[in-house]
Structures are given as structure tokens and as C-alpha cells.
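Coordinates as given in run05.txt (compact mmCIF, C-alpha atoms):
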# COMPACT_ATOMS: atom_id res chain seq x y z
CA ILE A 4 63.10 159.06 261.97
CA ASP A 5 61.09 162.27 262.21
CA ALA A 6 57.33 162.16 261.58
CA GLY A 7 56.37 165.71 260.63
CA HIS A 8 53.80 167.85 262.44
CA GLY A 9 51.67 166.29 265.21
CA GLY A 10 49.35 167.38 268.02
CA LYS A 11 48.00 170.88 267.44
CA ASP A 12 49.68 170.95 264.00
CA PRO A 13 47.85 168.61 261.56
CA GLY A 14 50.00 169.53 258.57
CA ALA A 15 48.35 169.21 255.16
CA ILE A 16 44.72 168.06 255.09
CA GLY A 17 43.17 166.38 252.05
CA ARG A 18 39.70 167.16 250.71
CA SER A 19 38.39 164.00 252.37
CA GLY A 20 39.90 164.99 255.70
CA VAL A 21 43.03 162.82 255.74
CA GLN A 22 45.61 164.59 257.92
CA GLU A 23 49.32 164.61 257.23
CA LYS A 24 50.29 164.16 260.89
CA GLY A 25 48.56 160.77 261.11
CA VAL A 26 49.77 159.50 257.75
CA VAL A 27 53.43 160.28 258.39
CA LEU A 28 53.42 158.96 261.95
CA ASP A 29 52.10 155.62 260.75
CA ILE A 30 54.73 155.48 257.99
CA ALA A 31 57.44 156.39 260.51
CA LYS A 32 56.40 153.58 262.85
CA LYS A 33 56.25 151.08 260.00
CA LEU A 34 59.66 152.23 258.77
CA LYS A 35 61.06 151.84 262.29
CA SER A 36 59.83 148.23 262.44
CA ALA A 37 61.16 147.43 258.96
CA LEU A 38 64.62 148.76 259.80
CA GLU A 39 64.76 147.17 263.24
CA ASP A 40 64.00 143.83 261.61
CA LYS A 41 67.26 144.32 259.70
CA GLY A 42 69.28 145.14 262.81
CA PHE A 43 69.12 148.94 262.81
CA ARG A 44 68.70 150.96 266.00
CA VAL A 45 65.95 153.50 265.37
CA VAL A 46 64.86 156.55 267.36
CA LEU A 47 61.59 158.38 266.62
CA THR A 48 61.34 162.11 267.30
CA ARG A 49 57.69 161.45 268.20
CA SER A 50 55.88 158.14 268.68
CA ASN A 51 52.35 159.45 269.15
CA ASP A 52 50.12 162.39 268.23
CA GLU A 53 52.08 165.06 270.04
CA PHE A 54 53.54 168.37 268.93
CA LYS A 55 57.32 168.68 268.99
CA THR A 56 59.02 171.94 268.05
CA LEU A 57 61.58 172.00 265.28
CA GLN A 58 64.21 172.71 267.90
CA GLU A 59 63.20 169.65 269.94
CA ARG A 60 63.32 167.41 266.85
CA THR A 61 66.92 168.38 266.08
CA GLU A 62 67.96 168.08 269.73
CA ILE A 63 66.54 164.56 269.99
CA THR A 64 68.55 163.68 266.90
CA SER A 65 71.75 165.22 268.23
CA LYS A 66 71.48 163.44 271.60
CA SER A 67 70.82 160.04 270.05
CA SER A 68 74.22 159.52 268.37
CA ALA A 69 72.30 158.85 265.15
CA ASP A 70 74.03 158.25 261.81
CA LEU A 71 71.13 159.37 259.58
CA PHE A 72 68.13 161.69 259.89
CA ILE A 73 64.97 161.00 257.86
CA SER A 74 62.00 163.37 258.12
CA ILE A 75 58.71 162.16 256.63
CA HIS A 76 56.02 164.48 255.29
CA ALA A 77 53.07 164.52 252.90
CA ASN A 78 52.76 167.27 250.30
CA ALA A 79 50.05 169.69 249.22
CA SER A 80 49.61 171.96 246.23
CA LYS A 81 47.04 174.40 244.84
CA ALA A 82 47.19 172.31 241.69
CA ARG A 83 45.16 169.20 242.49
CA SER A 84 46.86 167.35 239.65
CA ALA A 85 50.27 167.59 241.36
CA SER A 86 51.44 164.12 242.40
CA GLY A 87 54.47 162.02 243.21
CA VAL A 88 57.35 161.75 245.63
CA GLU A 89 60.24 164.14 246.13
CA VAL A 90 63.16 164.24 248.54
CA TYR A 91 64.91 167.30 249.94
CA THR A 92 68.46 167.84 251.17
CA PHE A 93 70.23 170.92 252.51
CA GLY A 94 72.73 172.58 250.19
CA ASP A 95 75.67 174.87 250.91
CA MET A 96 75.90 176.35 254.37
CA THR A 97 76.21 180.11 254.73
CA TYR A 98 78.07 181.91 257.52
CA SER A 99 74.78 182.64 259.29
CA ASP A 100 73.75 178.97 258.98
CA LYS A 101 77.01 177.86 260.58
CA ASN A 102 76.49 180.28 263.45
CA GLU A 103 72.79 179.64 264.00
CA ASP A 104 72.05 179.23 267.71
CA GLN A 105 70.30 175.89 267.26
CA ARG A 106 73.14 174.46 265.24
CA LYS A 107 75.66 175.54 267.88
CA LEU A 108 73.58 173.85 270.58
CA ASN A 109 73.19 170.66 268.54
CA GLN A 110 76.92 170.62 267.83
CA LYS A 111 77.62 170.68 271.57
CA LEU A 112 75.13 167.83 272.09
CA VAL A 113 76.84 165.74 269.39
CA PHE A 114 80.34 166.49 270.68
CA ARG A 115 79.38 165.29 274.17
CA ASN A 116 79.08 161.79 272.73
CA LEU A 117 82.54 161.86 271.15
CA GLU A 118 85.81 160.83 272.75
CA MET A 119 87.66 164.07 272.24
CA THR A 120 89.27 166.90 274.16
CA LYS A 121 86.48 169.15 275.36
CA ASP A 122 86.38 172.94 274.86
CA ASP A 123 89.18 172.87 272.28
CA ASN A 124 87.91 175.45 269.77
CA GLU A 125 90.37 174.53 267.03
CA LEU A 126 89.57 170.82 267.31
CA GLU A 127 85.84 171.49 267.38
CA THR A 128 86.10 173.61 264.22
CA ILE A 129 87.94 170.82 262.40
CA ILE A 130 85.42 168.19 263.47
CA SER A 131 82.49 170.46 262.62
CA ASP A 132 83.89 170.96 259.10
CA MET A 133 84.29 167.19 258.74
CA TYR A 134 80.68 166.64 259.76
CA TYR A 135 79.54 169.25 257.24
CA SER A 136 81.54 167.76 254.35
CA ASN A 137 80.24 164.30 255.14
CA LYS A 138 76.67 165.58 255.44
CA GLN A 139 76.79 167.30 252.06
CA SER A 140 77.99 164.30 250.08
CA GLU A 141 76.15 161.57 251.95
CA SER A 142 72.78 163.36 252.12
CA GLU A 143 72.71 163.53 248.32
CA LYS A 144 73.57 159.81 248.01
CA LEU A 145 70.94 158.85 250.59
CA ALA A 146 68.29 161.00 248.93
CA ARG A 147 68.84 159.58 245.46
CA THR A 148 68.90 156.00 246.69
CA VAL A 149 65.73 156.39 248.74
CA ILE A 150 63.71 158.24 246.10
CA GLY A 151 64.77 155.68 243.51
CA SER A 152 63.52 152.89 245.74
CA ILE A 153 60.20 154.62 246.45
CA SER A 154 59.43 155.54 242.85
CA LYS A 155 60.28 152.01 241.73
CA LEU A 156 58.53 149.94 244.40
CA VAL A 157 55.53 152.23 244.96
CA LYS A 158 55.39 153.28 241.29
CA SER A 159 54.91 156.89 242.30
CA LYS A 160 55.82 159.79 240.02
CA TYR A 161 59.50 160.70 240.39
CA ARG A 162 59.75 164.40 241.24
CA GLY A 163 63.47 164.32 241.98
CA VAL A 164 65.92 165.38 244.65
CA LYS A 165 65.80 169.07 245.56
CA GLU A 166 67.56 171.45 247.92
CA GLU A 167 65.72 173.41 250.57
CA ARG A 168 66.64 175.32 253.72
CA TYR A 169 64.27 173.50 256.07
CA PHE A 170 65.13 173.98 259.75
CA VAL A 171 65.52 170.26 260.49
CA LEU A 172 67.85 169.81 257.52
CA ARG A 173 70.19 172.71 258.21
CA ASN A 174 70.38 172.20 261.98
CA THR A 175 71.33 168.53 262.04
CA LEU A 176 74.99 167.59 261.72
CA ILE A 177 74.49 164.14 260.18
CA PRO A 178 73.32 163.19 256.65
CA ALA A 179 69.69 164.32 256.54
CA ILE A 180 66.78 164.08 254.09
CA LEU A 181 63.15 165.14 254.09
CA ILE A 182 60.76 162.90 252.12
CA GLU A 183 57.44 164.11 250.71
CA VAL A 184 55.65 160.78 250.22
CA GLY A 185 52.75 162.07 248.12
CA PHE A 186 50.19 164.85 247.73
CA LEU A 187 47.17 164.92 250.04
CA SER A 188 45.79 167.65 247.77
CA ASN A 189 45.60 165.06 244.98
CA PRO A 190 42.37 163.03 245.41
CA ARG A 191 43.93 159.81 244.11
CA GLU A 192 47.02 160.05 246.32
CA GLU A 193 44.95 161.08 249.34
CA LYS A 194 42.89 157.92 248.89
CA LEU A 195 46.05 155.82 248.61
CA LEU A 196 47.68 157.40 251.67
CA ALA A 197 44.54 156.69 253.70
CA HIS A 198 45.19 152.93 253.37
CA LYS A 199 47.51 151.10 255.77
CA SER A 200 48.69 148.75 253.03
CA TYR A 201 49.91 151.67 250.89
CA ARG A 202 51.64 153.29 253.86
CA GLN A 203 53.32 149.96 254.56
CA LYS A 204 54.50 149.81 250.96
CA ILE A 205 56.01 153.29 251.30
CA ALA A 206 57.73 152.35 254.57
CA ASN A 207 59.15 149.19 253.02
CA SER A 208 60.46 151.09 250.01
CA ILE A 209 62.18 153.70 252.20
CA ALA A 210 63.70 150.93 254.31
CA LYS A 211 64.99 149.19 251.21
CA GLY A 212 66.54 152.44 250.03
CA VAL A 213 68.25 153.02 253.39
CA ILE A 214 69.61 149.46 253.42
CA GLU A 215 70.87 149.84 249.85
CA TYR A 216 72.55 153.14 250.79
CA VAL A 217 74.27 151.58 253.83
CA HIS A 218 75.71 148.77 251.71
CA GLN A 219 76.97 150.99 248.89

Since I need it in another form, could you write the structure as C-alpha cells?
Amino acid sequence: IDAGHGGKDPGAIGRSGVQEKGVVLDIAKKLKSALEDKGFRVVLTRSNDEFKTLQERTEITSKSSADLFISIHANASKARSASGVEVYTFGDMTYSDKNEDQRKLNQKLVFRNLEMTKDDNELETIISDMYYSNKQSESEKLARTVIGSISKLVKSKYRGVKEERYFVLRNTLIPAILIEVGFLSNPREEKLLAHKSYRQKIANSIAKGVIEYVHQ
């Protein structure tokens, strides 16, 4: 679980001063507890108000032998009326994406945890392609299940599943989603996100979506 921003990077800031980095860290911690209660092993890319680079976030994920990557963020828009939850996945990989330095490094980190012949280029290419195919199909399933759970249990506006080329999505090998839990630029949603009880409700709804996805 990846809580966006942190430390010197506050992320989005609402008109009342609510900062994204604090909101998403609290949701991440609550989500961790909810999933651990159901027997999941959970790793946080950050557990306090510290800044982690995008590279560090993907490397933590690759070293952890994780099955899923969930990045949590809060949205902002010039239109104060914009509201709701949306989930992002990474679409088709280009040649440059496949050969991005960070992806190559993360692939090596993942392969270290596998029982396989090391430094076999043909084998590594086959396994890399398998990871990519699995990521494409499973990320979409995970995203739709999670956003359905959030919009239903939190009764937030459904903004859909979208594709984006975010660094943490394209440089992780496992199924990965990025959740925008609401708009801090919207006064009503900023007020909601400022409350622990609402953040707990969001965490519970994400957890329920993840559990539903796992049992599909």
C-alpha cells in the first residue's frame, strides 16, 4: 500500500488547509489494519510523514514479493464542484516503457525472489511478458472491484476506471492501481476527508473490494 506524497511534498491542499499527504497516510494505515485482520500481509511504502521518491516506492514494492500494489491519493481540480472517486490503471506498454531503467531495476529485484535460473535472458523475457500480461488483465479487474466497493459503501460519485501513465503504475510488475479517494478542492469532500470516521469508511470499502477481488 502506497500513501502518496509525504514529508516536503504535501500533495493537494484544500481551502481549509487539509493536506493530501496526511489524509492518504491515515487511510493507508487503516487499510493495512483492515486487511491484516483478514490474514493479509501488508507492506507500506511509508508509515509516517516522510518523503519517498517514486523510484523508492517501486523498489520497496519489488523487494517485498507483493501480489498487488495500491497507491492512495486525494484529488484536486480547478472546478470546485468536481467530486467523487476514480481509479487508475496502466494501459499498453510501449517499447520505451519496457526498457525504462527503473522497470529494468525492479524486474531484477523481483526475479531475485523467484526460484529460477539466473541471468538467462530468454527465460527472463518470457517471465517478464507473463508478468505484463497478468498485470494488464488483473489490474483492470482489481480497479473495477475496488471502485465499485467504494462508490457503494461510501456513496461517493462514481468517476470510473481510467488509464494513466503514472510512474508507480508503469514501473511495478504486479497488478497495480492508483485510487483518488475524493477531491480536496471540493469543500464538502474536504470536510469529509478531514474526519477519521470517513477515512475509516474509505479504508474499509477498499479492503472489502480487495477481498472480493481475491475471492473472484

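Between Asp104 in chain A and the residues A:Ser19, A:Asn51, A:Gln58, A:Ser86, the shortest atom-to-atom distance, using only C-alpha atoms, involves A:Gln58.
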
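Of note, CA of Val21 in chain A and CA of Arg83 in chain A are spaced 14.9 Å apart.
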
Open item on the list: For a quick check of understanding, using only C-alpha atoms, which of A:Asp70, A:Asp12, A:Asp29, A:Glu215 has the smallest distance to Glu53 in chain A?
Closed with: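 Of all the options, A:Asp12 lies closest to Glu53 in chain A.
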
TODO: Write out as an MDAnalysis selection string the residues lying within 9 Å of Leu28 in chain A, counting only C-alpha atoms and excluding same-chain residues fewer than 6 positions away.
DONE: chainID A and resid 5:9 49:52 75

- [ ] Kindly give the distance, in Å, that separates CA of Tyr91 in chain A and CA of Ala146 in chain A, rounded to a single decimal.
- [x] 7.2 Å

Within 7 Å of range 112-117 of chain A, counting all atoms listed in the file, which residues show up once you throw out same-chain ones fewer than 4 positions away? Write them as a PDB file with C-alpha atoms, in the coordinates of the input, please.
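Dumped everything to around_19.pdb:
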ATOM      1  CA  SER A  65      71.750 165.220 268.230  1.00  0.00           C
ATOM      2  CA  LYS A  66      71.480 163.440 271.600  1.00  0.00           C
ATOM      3  CA  SER A  68      74.220 159.520 268.370  1.00  0.00           C
ATOM      4  CA  LEU A 108      73.580 173.850 270.580  1.00  0.00           C
TER       5      LEU A 108
END

Task: Atom pair CA of Ala197 in chain A / CA of Ile153 in chain A: separation (Å) - done: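 Computing it gives 17.4 Å between the two atoms.
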
- [ ] Please provide the set of residues having any atom within 9 Å of Lys101 in chain A, restricted to all atoms listed in the file, with same-chain residues fewer than 6 positions apart removed, written as a ChimeraX atom specification.
- [x] /A:107,173-174

Write a file for range 164-180 of chain A of the given structure; include all heavy atoms and format it as a tab-separated table (two decimals), in the first residue's frame.
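Generated file (out_35.tsv):
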chain	number	residue	atom	x	y	z
A	164	VAL	N	-13.08	3.93	-14.02
A	164	VAL	CA	-11.71	3.43	-14.11
A	164	VAL	C	-11.05	4.05	-15.33
A	164	VAL	O	-11.62	4.02	-16.43
A	164	VAL	CB	-11.69	1.89	-14.21
A	164	VAL	CG1	-10.27	1.38	-14.44
A	164	VAL	CG2	-12.29	1.27	-12.96
A	165	LYS	N	-9.86	4.59	-15.17
A	165	LYS	CA	-9.19	5.30	-16.25
A	165	LYS	C	-7.76	4.80	-16.39
A	165	LYS	O	-7.21	4.18	-15.47
A	165	LYS	CB	-9.20	6.81	-15.96
A	165	LYS	CG	-10.60	7.37	-15.74
A	165	LYS	CD	-10.58	8.82	-15.35
A	165	LYS	CE	-11.98	9.35	-15.10
A	165	LYS	NZ	-11.98	10.77	-14.71
A	166	GLU	N	-7.16	5.06	-17.53
A	166	GLU	CA	-5.77	4.69	-17.76
A	166	GLU	C	-4.89	5.92	-17.68
A	166	GLU	O	-5.26	6.99	-18.17
A	166	GLU	CB	-5.60	4.01	-19.13
A	166	GLU	CG	-6.24	2.64	-19.22
A	166	GLU	CD	-5.94	1.95	-20.54
A	166	GLU	OE1	-5.23	2.56	-21.38
A	166	GLU	OE2	-6.40	0.81	-20.73
A	167	GLU	N	-3.74	5.76	-17.06
A	167	GLU	CA	-2.79	6.87	-16.96
A	167	GLU	C	-1.38	6.29	-16.88
A	167	GLU	O	-1.19	5.15	-16.44
A	167	GLU	CB	-3.10	7.71	-15.71
A	167	GLU	CG	-2.33	9.01	-15.61
A	167	GLU	CD	-2.41	9.85	-16.87
A	167	GLU	OE1	-3.43	10.53	-17.08
A	167	GLU	OE2	-1.43	9.82	-17.62
A	168	ARG	N	-0.40	7.08	-17.27
A	168	ARG	CA	0.99	6.61	-17.32
A	168	ARG	C	1.78	7.01	-16.07
A	168	ARG	O	2.96	7.34	-16.15
A	168	ARG	CB	1.67	7.18	-18.57
A	168	ARG	CG	1.04	6.72	-19.87
A	168	ARG	CD	1.69	7.38	-21.07
A	168	ARG	NE	3.14	7.27	-21.02
A	168	ARG	CZ	3.80	6.17	-21.32
A	168	ARG	NH1	3.15	5.08	-21.67
A	168	ARG	NH2	5.11	6.14	-21.25
A	169	TYR	N	1.16	6.95	-14.92
A	169	TYR	CA	1.85	7.33	-13.69
A	169	TYR	C	3.06	6.42	-13.46
A	169	TYR	O	3.03	5.22	-13.71
A	169	TYR	CB	0.90	7.23	-12.50
A	169	TYR	CG	-0.23	8.22	-12.52
A	169	TYR	CD1	-1.54	7.81	-12.31
A	169	TYR	CD2	0.00	9.57	-12.76
A	169	TYR	CE1	-2.59	8.71	-12.32
A	169	TYR	CE2	-1.03	10.49	-12.78
A	169	TYR	CZ	-2.33	10.06	-12.55
A	169	TYR	OH	-3.37	10.96	-12.58
A	170	PHE	N	4.12	7.01	-12.95
A	170	PHE	CA	5.39	6.30	-12.75
A	170	PHE	C	5.22	5.03	-11.94
A	170	PHE	O	5.75	3.97	-12.30
A	170	PHE	CB	6.38	7.24	-12.04
A	170	PHE	CG	7.77	6.71	-11.93
A	170	PHE	CD1	8.74	7.03	-12.86
A	170	PHE	CD2	8.13	5.88	-10.86
A	170	PHE	CE1	10.04	6.54	-12.75
A	170	PHE	CE2	9.42	5.37	-10.74
A	170	PHE	CZ	10.38	5.71	-11.68
A	171	VAL	N	4.48	5.11	-10.83
A	171	VAL	CA	4.33	3.95	-9.95
A	171	VAL	C	3.49	2.85	-10.58
A	171	VAL	O	3.59	1.69	-10.18
A	171	VAL	CB	3.75	4.34	-8.57
A	171	VAL	CG1	4.73	5.23	-7.81
A	171	VAL	CG2	2.39	5.01	-8.71
A	172	LEU	N	2.67	3.20	-11.55
A	172	LEU	CA	1.86	2.19	-12.23
A	172	LEU	C	2.65	1.49	-13.33
A	172	LEU	O	2.55	0.28	-13.50
A	172	LEU	CB	0.59	2.81	-12.82
A	172	LEU	CG	-0.42	3.37	-11.82
A	172	LEU	CD1	-1.66	3.90	-12.56
A	172	LEU	CD2	-0.83	2.32	-10.79
A	173	ARG	N	3.43	2.23	-14.07
A	173	ARG	CA	4.14	1.61	-15.19
A	173	ARG	C	5.44	0.91	-14.77
A	173	ARG	O	5.98	0.08	-15.49
A	173	ARG	CB	4.42	2.63	-16.30
A	173	ARG	CG	5.47	3.67	-16.01
A	173	ARG	CD	5.73	4.54	-17.25
A	173	ARG	NE	6.86	5.42	-17.04
A	173	ARG	CZ	6.77	6.66	-16.59
A	173	ARG	NH1	5.57	7.18	-16.30
A	173	ARG	NH2	7.86	7.41	-16.41
A	174	ASN	N	5.94	1.22	-13.58
A	174	ASN	CA	7.21	0.63	-13.15
A	174	ASN	C	7.06	-0.40	-12.04
A	174	ASN	O	8.03	-0.73	-11.35
A	174	ASN	CB	8.19	1.73	-12.72
A	174	ASN	CG	8.82	2.41	-13.92
A	174	ASN	OD1	9.53	1.80	-14.70
A	174	ASN	ND2	8.53	3.69	-14.07
A	175	THR	N	5.87	-0.92	-11.86
A	175	THR	CA	5.66	-2.08	-11.00
A	175	THR	C	5.25	-3.24	-11.89
A	175	THR	O	4.55	-3.05	-12.88
A	175	THR	CB	4.56	-1.80	-9.95
A	175	THR	OG1	3.44	-1.15	-10.60
A	175	THR	CG2	5.07	-0.89	-8.84
A	176	LEU	N	5.69	-4.44	-11.52
A	176	LEU	CA	5.44	-5.60	-12.38
A	176	LEU	C	4.12	-6.29	-12.04
A	176	LEU	O	3.59	-7.04	-12.86
A	176	LEU	CB	6.58	-6.61	-12.25
A	176	LEU	CG	7.80	-6.38	-13.16
A	176	LEU	CD1	8.56	-5.12	-12.74
A	176	LEU	CD2	8.72	-7.58	-13.12
A	177	ILE	N	3.61	-6.05	-10.85
A	177	ILE	CA	2.40	-6.73	-10.38
A	177	ILE	C	1.16	-5.89	-10.69
A	177	ILE	O	1.27	-4.71	-11.03
A	177	ILE	CB	2.50	-6.98	-8.86
A	177	ILE	CG1	2.77	-5.65	-8.13
A	177	ILE	CG2	3.57	-8.01	-8.56
A	177	ILE	CD1	2.83	-5.77	-6.62
A	178	PRO	N	-0.04	-6.49	-10.57
A	178	PRO	CA	-1.28	-5.71	-10.75
A	178	PRO	C	-1.25	-4.47	-9.85
A	178	PRO	O	-0.98	-4.57	-8.65
A	178	PRO	CB	-2.37	-6.70	-10.33
A	178	PRO	CG	-1.80	-8.03	-10.68
A	178	PRO	CD	-0.33	-7.92	-10.36
A	179	ALA	N	-1.51	-3.31	-10.44
A	179	ALA	CA	-1.34	-2.05	-9.72
A	179	ALA	C	-2.47	-1.07	-10.04
A	179	ALA	O	-2.88	-0.95	-11.20
A	179	ALA	CB	0.01	-1.41	-10.09
A	180	ILE	N	-2.95	-0.39	-9.01
A	180	ILE	CA	-3.98	0.64	-9.19
A	180	ILE	C	-3.62	1.87	-8.37
A	180	ILE	O	-2.90	1.77	-7.37
A	180	ILE	CB	-5.39	0.15	-8.79
A	180	ILE	CG1	-5.44	-0.24	-7.31
A	180	ILE	CG2	-5.81	-1.01	-9.68
A	180	ILE	CD1	-6.84	-0.58	-6.80
